[in-house]
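I have placed the structure first, in the form of structure tokens, so that the comments after it can refer back to it.
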Amino acid sequence: MQNRITTKDIAMIGLMVAIIEACKMALSFAPNIELTTFWLIMFTRQFGKKVAVIVPVLILVEGMMYGVNTWWVMYLYIWPLLVILAYMFRKVDSAIFWAIFSGIFGLCFGMLCSITYFFIGMRDGGIIGGFNTAFPWWISGIPWDMVHFAGNFVLMLVLYYPIGNVMKRNCKG
């Protein structure tokens with residue numbers, strides 16, 4: 001059974017979540033500059049379907065560390081979406097492809113987050129209320145989504161080959 005989770009897998013999941021959290025804390029001073037996207041893509045490329053277990057653990061750890069609020073609800077669908085998309089393209093070995101991919105994901109992040117606000121707005125105002133809540137929230141954040149795009153693009157472009165080569169040499173999927 002290749003899909004079984006072993007003791008080694010559990011240890012690796014803990015390490016991967018710790019790496020993501022350490023990077024998140026290290027970059028917390030820089031708004032919308034993050035390595036979570038980078039690491040989830042790299043882990044998905046290296047470990048395939050097993051990364052599906054990392055995402056819920058990561059989201060639970062985030063909720064325990066920072067509390068649960070609307071951003072946490074957003075993580076419930078944003079990070080799994082990233083892993084699914086990365087899994088679909090996991091065989092592509094190109095820094096420029098993944099830089100563009102992660103940049104576009106960063107640019108779309110605010111739009112994806114606005115889905116939660118759509119449902120919040122719908123509660124009192126129906127579909128129009130949802131749109132009137134989500135759309136302005138998304139539009140007002142576009143400058144930060146552009147920063148997110150640039151950060152994801154540059155980090156992936158710079159780190160893809162050095163980290164990817166270390167992972168290929170030292171990690172078995």
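If you're wondering about the labels, chains in the structure tokens are A, B, ... by order shown, residues count from 1 in each chain, ligands from 1 in order shown.
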
Per-residue nearest contacts of range 128-159 of chain A to range 77-101 of chain A (6 Å; only C-alpha atoms) as JSON lines:
```
{"residue": "A:Phe153", "atom": "CA", "partner": "A:Ala99", "partner_atom": "CA", "distance": 4.4}
{"residue": "A:Met156", "atom": "CA", "partner": "A:Ala99", "partner_atom": "CA", "distance": 5.0}
{"residue": "A:Leu157", "atom": "CA", "partner": "A:Ala99", "partner_atom": "CA", "distance": 5.3}
```

Expected file: the selected residues, N, CA, C and O atoms, as a tab-separated table (two decimals), in the first residue's frame:
```tsv
chain	number	residue	atom	x	y	z
A	153	PHE	N	6.54	35.81	-7.02
A	153	PHE	CA	7.28	35.64	-8.26
A	153	PHE	C	8.78	35.62	-7.99
A	153	PHE	O	9.49	34.69	-8.40
A	156	MET	N	10.01	32.61	-5.70
A	156	MET	CA	10.03	31.33	-6.44
A	156	MET	C	11.18	31.32	-7.44
A	156	MET	O	11.89	30.33	-7.56
A	157	LEU	N	11.35	32.41	-8.15
A	157	LEU	CA	12.40	32.48	-9.16
A	157	LEU	C	13.78	32.29	-8.54
A	157	LEU	O	14.62	31.57	-9.07
```

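Closest to Phe119 in chain A among A:Asn152, A:Thr70, A:Asn165, A:Ser140 is A:Thr70, based on only C-alpha atoms.
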
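By only C-alpha atoms, and with residues fewer than 4 positions from Gly141 in chain A along its chain excluded, the set lying at most 9 Å from it is Gly110, Met111, Pro136, Trp137, Asp145 and Met146 of chain A.
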
Go ahead and dump the residues you just picked, N, CA and C atoms, as a compact mmCIF listing (two decimals), in the first residue's frame.
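Produced file selection.txt, reproduced below:
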```
# COMPACT_ATOMS: atom_id res chain seq x y z
N GLY A 110 -6.43 37.92 -2.97
CA GLY A 110 -7.49 38.80 -2.45
C GLY A 110 -8.85 38.46 -3.03
N MET A 111 -8.88 38.14 -4.31
CA MET A 111 -10.14 37.74 -4.94
C MET A 111 -10.67 36.46 -4.28
N PRO A 136 -15.95 45.49 -3.20
CA PRO A 136 -15.11 46.61 -2.73
C PRO A 136 -13.94 46.13 -1.86
N TRP A 137 -14.17 45.06 -1.08
CA TRP A 137 -13.10 44.54 -0.24
C TRP A 137 -11.96 44.05 -1.13
N ASP A 145 -2.33 42.86 -3.38
CA ASP A 145 -2.25 41.65 -4.21
C ASP A 145 -1.10 41.77 -5.20
N MET A 146 -0.83 42.98 -5.66
CA MET A 146 0.30 43.19 -6.57
C MET A 146 1.63 42.97 -5.84
```

Produce a table with one row for each residue of range 50-118 of chain A that has an atom at most 10 Å from any atom of range 3-27 of chain A, each row naming the nearest atom pair and its distance in Å at one decimal; use only C-alpha atoms; arrange rows by chain and rising residue number; format as a tab-separated table.
```
residue	atom	partner	partner_atom	distance
A:Lys50	CA	A:Asn3	CA	7.8
A:Val51	CA	A:Ile13	CA	8.0
A:Val53	CA	A:Ile13	CA	7.5
A:Ile54	CA	A:Ile13	CA	5.7
A:Val55	CA	A:Val17	CA	8.4
A:Val57	CA	A:Val17	CA	7.4
A:Leu58	CA	A:Val17	CA	5.7
A:Ile59	CA	A:Val17	CA	9.5
A:Val61	CA	A:Val17	CA	8.4
A:Glu62	CA	A:Glu21	CA	8.3
A:Met65	CA	A:Glu21	CA	9.9
```

Chain A: residues DSSP assigns to alpha helix (DSSP H), reported as a ChimeraX atom specification: /A:7-26,36-47,51-66,70-88,95-140,142-170
